Amino acid sequence: MNGQQPSSTTLATDDGFRVADSAQVLVVAGPSAHDGAKPHRQRELQGSYFPRYEYVSGSVHLDIEERPSIGYALVLGLQHLLAMFGATVLIPTLMGFDVSTTLFFSGLGTLLFYAITGGRVPAYLGASAAFLSSVATATGYKPAFFGQLNPNVAVAQGGIFVVGAVYALVGGLVHFFGSNYLQILMPPLVSGSVVMAIGLNLAGIGVNDATASPDAAWQTCMTILIIGAFAAFGPGFSKQIPILFGLVLSYAIAAIVGSRNGRPLDMTGLNQSPWVAAPKFTAPVFESSAIATILPAVIVLLAENMGHVATIGSITNRNLNGFLGRAFLGDALATMLSSLGGGAGVTTYAENIGTLAVTRVYSTIIFPIAAIFSLILSFIPKFTALLNTIPTGVWGGVEIVLFGLISITGARIWMQNNVDLGEPKNLFVAAVTVILGAGMPQVPGGVVHLSSGFQLDGIGLSAITALVLNLALFVIPDTIQYAVGKRKTA
C-alpha cells in the first residue's frame with residue numbers, strides 16, 4: 001500500500017525533543033548505543049504474565065526482564081521522570097488542566113499500562129499533545145493569563161473519556177485480530193501528514209506567547225537559544241532533555257533580569273501555596289458537540305503509539321508486535337482513568353524511548369518507580385505554584401521549539417519509511433492534510449461546522465481527510481484491482 005512498509009523505527013512523537021535513534025550521548029548508564037558495544041543478547045520472553053526479574057550486578061546493559069540494584073533503579077526512575085517532565089507540565093497547562101492532577105494520573109496511568117502489558121513494554125505515559133487544539137476548541141478556552149485553569153475542563157474530560165473508549169475498542173480488536181488492517185488504513189503517509197499538521201496547527205500559540213508582554217520577545221529568543229545550546233552541546237543527560245534544562249536556566253535568568261529592570265516575577269501564588277495537599281479531582285461532563293470535536297484525536301494516538309511500540313521493539317531487540325493491542329489497551333484505559341478524575345489524556349512518551357536507547361537499560365521495573373515519583377510530586381502544590389511564576393515569554397520559547405519539533409517529526413516519519421513524495425498521489429494526500437491543519441486556526445473559532453452538533457478543529461479535519469484520501473486513492477482502488485485480478489485467475 002502506497003509502496004511503503006511500516007518501519008521498525010517509526011517514531012511519531014507528540015512531545016519529544018529526542019527520538020530513539022538519534023541518541024548518542026552518555027548518561028547515567030554509561031556507554032551509548034553507538035560506542036561500539038555489542039548488542040544485548042536476545043532471549044525469548046518468559047512465560048509468566050509479569051517478569052521474574054533477574055538481578056544483574058555491575059552491568060550497564062539490562063534486558064526487559066532483568067533488574068539493577070535498588071539504588072541504581074531509583075536513579076534510573078528519577079531520570080525517566082525528568083525525561084517526561086517538560087512536556088507533561090506544559091501540555092496540561094496549555095489546555096487549562098491542573099498540572100498536579102495530570103501528574104497524578106500520569107503516574108497512575110503508567111502503573112496501569114505496566115500491569116496490562118505484563119511489564120513487557122518499557123514505556124512511560126505522559127500528557128498527550130493530540131488533544132491540545134480540540135480541547136481548546138471544544139471548551140472555548142482562551143486564558144487571560146498563562147496557566148489559568150480551564151473553567152470548562154469537565155466538558156473536555158467527557159470527550160477525552162470517549163476517545164479512550166474508542167481507543168480501547170481498537171486495542172481489543174488489534175489484540176485478537178492483529179494490526180495489519182490498521183497499518184493499511186494508517187500508513188506512514190497518513191500518520192506523518194497528521195503529525196506535521198498538529199505542529200503547524202499549534203504554532204500560533206507559541207508565537208502569541210512570544211509577544212504577550214514587554215519582556216516576552218527577549219525571553220523567547222533567550223529560551224530558544226539556550227534549549228538549542230543544550231541540544232547541541234549539553235553535557236551528559238542534559239543533552240537528552242534540553243527542553244527541561246533550557247526551561248530551568250531561562251527561568252533563572254528571567255528572574256534575575258526581572259529583579260534588576262523593575263519588573264520582578266509575581267511570587268504571590270507561590271508564597272500562599274501549601275507544601276502538601278491532594279490533587280484536585282473533577283468529574284467529567286458529556287456533551288455531544290465536545291465529544292465530536294475531540295474524538296478525532298484517537299487517530300493521532302493510534303498512529304503515534306503504533307510507531308512507539310515498533311521503535312521500542314527495535315531498540316530492545318525484541319519482537320513486540322504481539323503486545324501492540326495490549327499497549328493500545330493500556331494507554332486507552334489510562335486515558336479513560338485520567339479523564340474521570342480531571343487529568344489530561346495520556347500517551348507513551350518519545351523522550352523516555354530516547355532515554356532507553358541512550359542508557360541501554362530496558363528493565364521495565366524502572367517505570368513503576370518513575371510513576372511513584374510522579375504520584376508523590378502531585379501532592380506538592382508548591383511545585384505547581386512555582387510553575388505559574390514562569391514568564392509567558394519563556395513558555396513561548398519552549399512552545400515554538402516543541403511545536404516545531406512535532407511538525408518535523410511528521411517529515412521524519414516519511415523519511416524513515418521511504419514515503420515517495422515524488423509520487424503525485426502521495427504528494428496530494430500530504431499537501432491537503434498539512435494545509436488544512438495549518439490553515440484552520442485562521443477560520444473564526446478555528447472550527448468547521450458540519451452540522452448543528454458536529455464540528456471539527458484543524459487537527460480533527462486533517463486526520464479524517466487523510467484517512468478518507470488514503471481510502472479513496474489507495475485502499476479502495478487496490479482492493480478492486482486485487483478482486484478483479486483474483487477473478488481472472490479463478
# chains A, B, ... in the order shown; residues from 1 in each chain; ligands from 1
>>> residues_around(residues="Asp209 of chain A", least_positions_apart="2", cutoff="6 Å", atoms="only C-alpha atoms", output="list in words")
Gly206, Val207, Thr211, Ala212, Thr392, Gly393 and Gly396 of chain A
>>> closest_residue(among="A:Leu78, A:Asp215, A:Leu112, A:Tyr124", to="Gly262 of chain A", atoms="only C-alpha atoms")
A:Asp215
>>> closest_residue(among="A:Ile64, A:Val419, A:Met336, A:Leu244", to="Leu356 of chain A", atoms="only C-alpha atoms")
A:Ile64
>>> residues_around(residues="Leu337 of chain A", least_positions_apart="3", cutoff="12 Å", atoms="only C-alpha atoms", output="PyMOL selection string")
chain A and resi 101-102+104-113+157-158+160-165+168+281-284+330-334+340-346
>>> residues_around(residues="Val174 of chain A", least_positions_apart="6", cutoff="12 Å", atoms="only C-alpha atoms", output="VMD selection string")
chain A and resid 167 to 168 180 to 183 302 306 321 to 329
>>> write_last_selection(atoms="all heavy atoms", output="compact mmCIF listing (two decimals), in the first residue's frame")
# COMPACT_ATOMS: atom_id res chain seq x y z
N TYR A 167 -10.52 4.08 21.58
CA TYR A 167 -9.13 3.62 21.53
C TYR A 167 -9.03 2.21 22.14
O TYR A 167 -8.35 1.32 21.59
CB TYR A 167 -8.28 4.62 22.29
CG TYR A 167 -6.79 4.48 22.22
CD1 TYR A 167 -6.16 3.63 21.32
CD2 TYR A 167 -5.99 5.25 23.05
CE1 TYR A 167 -4.78 3.53 21.28
CE2 TYR A 167 -4.62 5.17 23.01
CZ TYR A 167 -4.02 4.31 22.13
OH TYR A 167 -2.65 4.22 22.09
N ALA A 168 -9.72 1.99 23.25
CA ALA A 168 -9.70 0.68 23.90
C ALA A 168 -10.34 -0.38 23.01
O ALA A 168 -9.87 -1.52 22.94
CB ALA A 168 -10.43 0.75 25.24
N ASN A 180 -2.67 -5.66 10.93
CA ASN A 180 -2.44 -5.46 9.50
C ASN A 180 -3.42 -4.46 8.89
O ASN A 180 -3.03 -3.58 8.11
CB ASN A 180 -2.54 -6.80 8.76
CG ASN A 180 -1.36 -7.70 9.07
OD1 ASN A 180 -0.32 -7.22 9.50
ND2 ASN A 180 -1.52 -8.99 8.85
N TYR A 181 -4.70 -4.58 9.24
CA TYR A 181 -5.69 -3.67 8.68
C TYR A 181 -5.48 -2.24 9.16
O TYR A 181 -5.70 -1.29 8.41
CB TYR A 181 -7.10 -4.15 9.03
CG TYR A 181 -7.51 -5.40 8.29
CD1 TYR A 181 -7.54 -6.64 8.92
CD2 TYR A 181 -7.84 -5.34 6.93
CE1 TYR A 181 -7.90 -7.79 8.22
CE2 TYR A 181 -8.20 -6.48 6.23
CZ TYR A 181 -8.22 -7.71 6.88
OH TYR A 181 -8.57 -8.83 6.18
N LEU A 182 -5.04 -2.09 10.39
CA LEU A 182 -4.77 -0.76 10.92
C LEU A 182 -3.63 -0.11 10.16
O LEU A 182 -3.66 1.09 9.85
CB LEU A 182 -4.44 -0.86 12.41
CG LEU A 182 -4.23 0.46 13.15
CD1 LEU A 182 -5.51 1.30 13.12
CD2 LEU A 182 -3.80 0.20 14.59
N GLN A 183 -2.60 -0.89 9.83
CA GLN A 183 -1.47 -0.35 9.09
C GLN A 183 -1.85 0.01 7.66
O GLN A 183 -1.25 0.91 7.06
CB GLN A 183 -0.32 -1.36 9.11
CG GLN A 183 0.28 -1.54 10.49
CD GLN A 183 1.28 -2.68 10.56
OE1 GLN A 183 1.35 -3.52 9.67
NE2 GLN A 183 2.07 -2.71 11.63
N LEU A 302 -3.44 6.43 17.95
CA LEU A 302 -3.15 5.14 17.32
C LEU A 302 -1.88 5.22 16.48
O LEU A 302 -1.02 4.32 16.54
CB LEU A 302 -4.33 4.71 16.46
CG LEU A 302 -5.59 4.24 17.19
CD1 LEU A 302 -6.77 4.16 16.23
CD2 LEU A 302 -5.35 2.89 17.84
N MET A 306 1.51 3.17 17.67
CA MET A 306 1.94 2.09 16.81
C MET A 306 3.41 2.26 16.47
O MET A 306 4.19 1.31 16.48
CB MET A 306 1.09 2.08 15.53
CG MET A 306 1.33 0.89 14.62
SD MET A 306 -0.03 0.63 13.45
CE MET A 306 -0.15 2.24 12.68
N ASN A 321 5.34 -7.07 18.50
CA ASN A 321 4.09 -6.94 17.74
C ASN A 321 2.91 -7.58 18.47
O ASN A 321 1.78 -7.10 18.41
CB ASN A 321 4.24 -7.59 16.36
CG ASN A 321 5.15 -6.78 15.46
OD1 ASN A 321 5.37 -5.59 15.70
ND2 ASN A 321 5.70 -7.42 14.44
N GLY A 322 3.17 -8.67 19.19
CA GLY A 322 2.11 -9.35 19.93
C GLY A 322 1.59 -8.55 21.10
O GLY A 322 0.54 -8.88 21.67
N PHE A 323 2.31 -7.49 21.49
CA PHE A 323 1.91 -6.66 22.61
C PHE A 323 1.27 -5.35 22.15
O PHE A 323 0.90 -4.52 23.00
CB PHE A 323 3.11 -6.35 23.51
CG PHE A 323 3.59 -7.53 24.29
CD1 PHE A 323 4.55 -8.38 23.76
CD2 PHE A 323 3.08 -7.82 25.55
CE1 PHE A 323 5.01 -9.48 24.48
CE2 PHE A 323 3.53 -8.92 26.27
CZ PHE A 323 4.49 -9.76 25.74
N LEU A 324 1.14 -5.13 20.85
CA LEU A 324 0.61 -3.86 20.36
C LEU A 324 -0.82 -3.62 20.85
O LEU A 324 -1.15 -2.53 21.32
CB LEU A 324 0.67 -3.82 18.83
CG LEU A 324 0.16 -2.53 18.18
CD1 LEU A 324 0.99 -1.34 18.66
CD2 LEU A 324 0.21 -2.64 16.66
N GLY A 325 -1.67 -4.64 20.75
CA GLY A 325 -3.05 -4.48 21.20
C GLY A 325 -3.13 -4.18 22.69
O GLY A 325 -3.91 -3.32 23.13
N ARG A 326 -2.30 -4.86 23.48
CA ARG A 326 -2.30 -4.60 24.93
C ARG A 326 -1.72 -3.22 25.24
O ARG A 326 -2.16 -2.55 26.19
CB ARG A 326 -1.51 -5.69 25.64
CG ARG A 326 -2.30 -7.00 25.74
CD ARG A 326 -1.44 -8.20 26.04
NE ARG A 326 -0.80 -8.12 27.35
CZ ARG A 326 -0.02 -9.08 27.85
NH1 ARG A 326 0.19 -10.18 27.14
NH2 ARG A 326 0.52 -8.96 29.04
N ALA A 327 -0.76 -2.77 24.44
CA ALA A 327 -0.22 -1.42 24.63
C ALA A 327 -1.29 -0.38 24.32
O ALA A 327 -1.45 0.61 25.06
CB ALA A 327 1.00 -1.21 23.75
N PHE A 328 -2.04 -0.58 23.23
CA PHE A 328 -3.16 0.31 22.93
C PHE A 328 -4.16 0.31 24.08
O PHE A 328 -4.63 1.36 24.52
CB PHE A 328 -3.88 -0.16 21.66
CG PHE A 328 -3.18 0.19 20.37
CD1 PHE A 328 -3.61 -0.37 19.18
CD2 PHE A 328 -2.12 1.07 20.34
CE1 PHE A 328 -2.98 -0.06 17.98
CE2 PHE A 328 -1.48 1.39 19.15
CZ PHE A 328 -1.91 0.82 17.97
N LEU A 329 -4.49 -0.89 24.56
CA LEU A 329 -5.49 -1.01 25.62
C LEU A 329 -5.01 -0.35 26.90
O LEU A 329 -5.78 0.34 27.59
CB LEU A 329 -5.79 -2.49 25.87
CG LEU A 329 -6.98 -2.81 26.77
CD1 LEU A 329 -8.26 -2.20 26.22
CD2 LEU A 329 -7.13 -4.32 26.95
